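Quick notes on the structure that follows.
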Amino acid sequence: MTQQDIEQGKGLAIISYMTIIGTIIAFFLNNDKKNSFTSFHTRQALGLWLTFFVLGWVVSAFNSWFITLAFWIFFGVLFIFGFINAIAGKAQTVPLLGESYQKWFTNFVK
């Protein structure tokens with residue numbers, strides 16, 4: 001990944017962390033250009049959003065605002081971590097599942 005790739009793909013990489021809609025927009029706009037930096041962050045954001053929705057469904061079964069608050073803080077920190085790395089131009093995976101996201105979504109987000 002070159003510095004030119006990072007500069008060209010930074011905008012879409014940042015958009016991918018905004019909402020699930022931002023991830024979808026970054027995915028489709030990156031299909032034309034195939035920027036490696038944007039692809040990296042789109043895979044990270046897609047993995048975070050899918051994990052967020054699946055675990056959110058599980059957490060919703062608990063009737064505890066402590067668990068819900070911990071869930072929101074946990075994912076808030078992960079999304080901010082990815083967002084800041086996208087702004088800084090770093091291709092660093094999010095903690096815990098970031099490496100797995102890169103492997104799982106390699107064929108889907110190129």
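Identifiers in the structure tokens: chain A, B, ... in order shown; residue index from 1 per chain; ligand index from 1 in order shown.
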
Contact residues around Leu29 of chain A with only C-alpha atoms at 9 Å, ignoring same-chain residues under 5 positions, as a PDB file with N, CA and C atoms, in the first residue's frame:
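Output file selection.pdb follows:
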ATOM      1  N   LEU A  12     -13.064   7.668   1.337  1.00  0.00           N
ATOM      2  CA  LEU A  12     -14.002   6.534   1.414  1.00  0.00           C
ATOM      3  C   LEU A  12     -13.748   5.676   2.652  1.00  0.00           C
ATOM      4  N   ILE A  24     -21.718   0.656   2.990  1.00  0.00           N
ATOM      5  CA  ILE A  24     -22.252   0.215   1.698  1.00  0.00           C
ATOM      6  C   ILE A  24     -21.829   1.171   0.588  1.00  0.00           C
ATOM      7  N   LYS A  34     -10.903   0.194  -6.869  1.00  0.00           N
ATOM      8  CA  LYS A  34     -10.145  -0.884  -6.207  1.00  0.00           C
ATOM      9  C   LYS A  34      -8.940  -0.346  -5.433  1.00  0.00           C
TER      10      LYS A  34
END

Any idea what's packed within 10 Å of Phe37 of chain A, counting only C-alpha atoms, ignoring anything in its chain fewer than 5 positions away? Could you give it as an NGL selection string? :A and (1-10 or 12-13 or 30 or 42 or 86 or 89-91)

Fewer than 5 positions away in the same chain doesn't count, so skip those; otherwise give me all residues within 9 Å of segment 51-53 of chain A, counting only C-alpha atoms, as a PyMOL selection string. chain A and resi 46+58+71+75

In Å, how far is it from atom CA of Gly22 of chain A to atom CA of Trp57 of chain A?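 Separating atom CA of Gly22 of chain A from atom CA of Trp57 of chain A is a distance of 21.3 Å.
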
Residues of segment 8-91 of chain A in alpha helix (DSSP H) according to DSSP, as a count of residues only? 71

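Atom pair atom CA of Ile21 of chain A / atom CA of Leu48 of chain A: separated by 13.1 Å.
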
Using only C-alpha atoms, which of A:Phe66, A:Phe40, A:Phe28, A:Trp49 sits nearest Phe79 of chain A?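 For Phe79 of chain A, the nearest of the candidates is A:Trp49.
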
I'd like to know which of A:Ala88, A:Ser60, A:Gly11, A:Thr19 is closest to Ser39 of chain A, using only C-alpha atoms.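 Using only C-alpha atoms, Ser39 of chain A sits closest to A:Gly11.
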
Between atom CA of Ser64 of chain A and atom CA of Ile20 of chain A, measure the distance and give it in Å to one decimal.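 Atom CA of Ile20 of chain A lies 25.8 Å from atom CA of Ser64 of chain A.
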
Restricting the calculation to only C-alpha atoms, which member of A:Gly56, A:Gly82, A:Gly47, A:Gly76 is positioned closest to Leu97 of chain A? A:Gly47
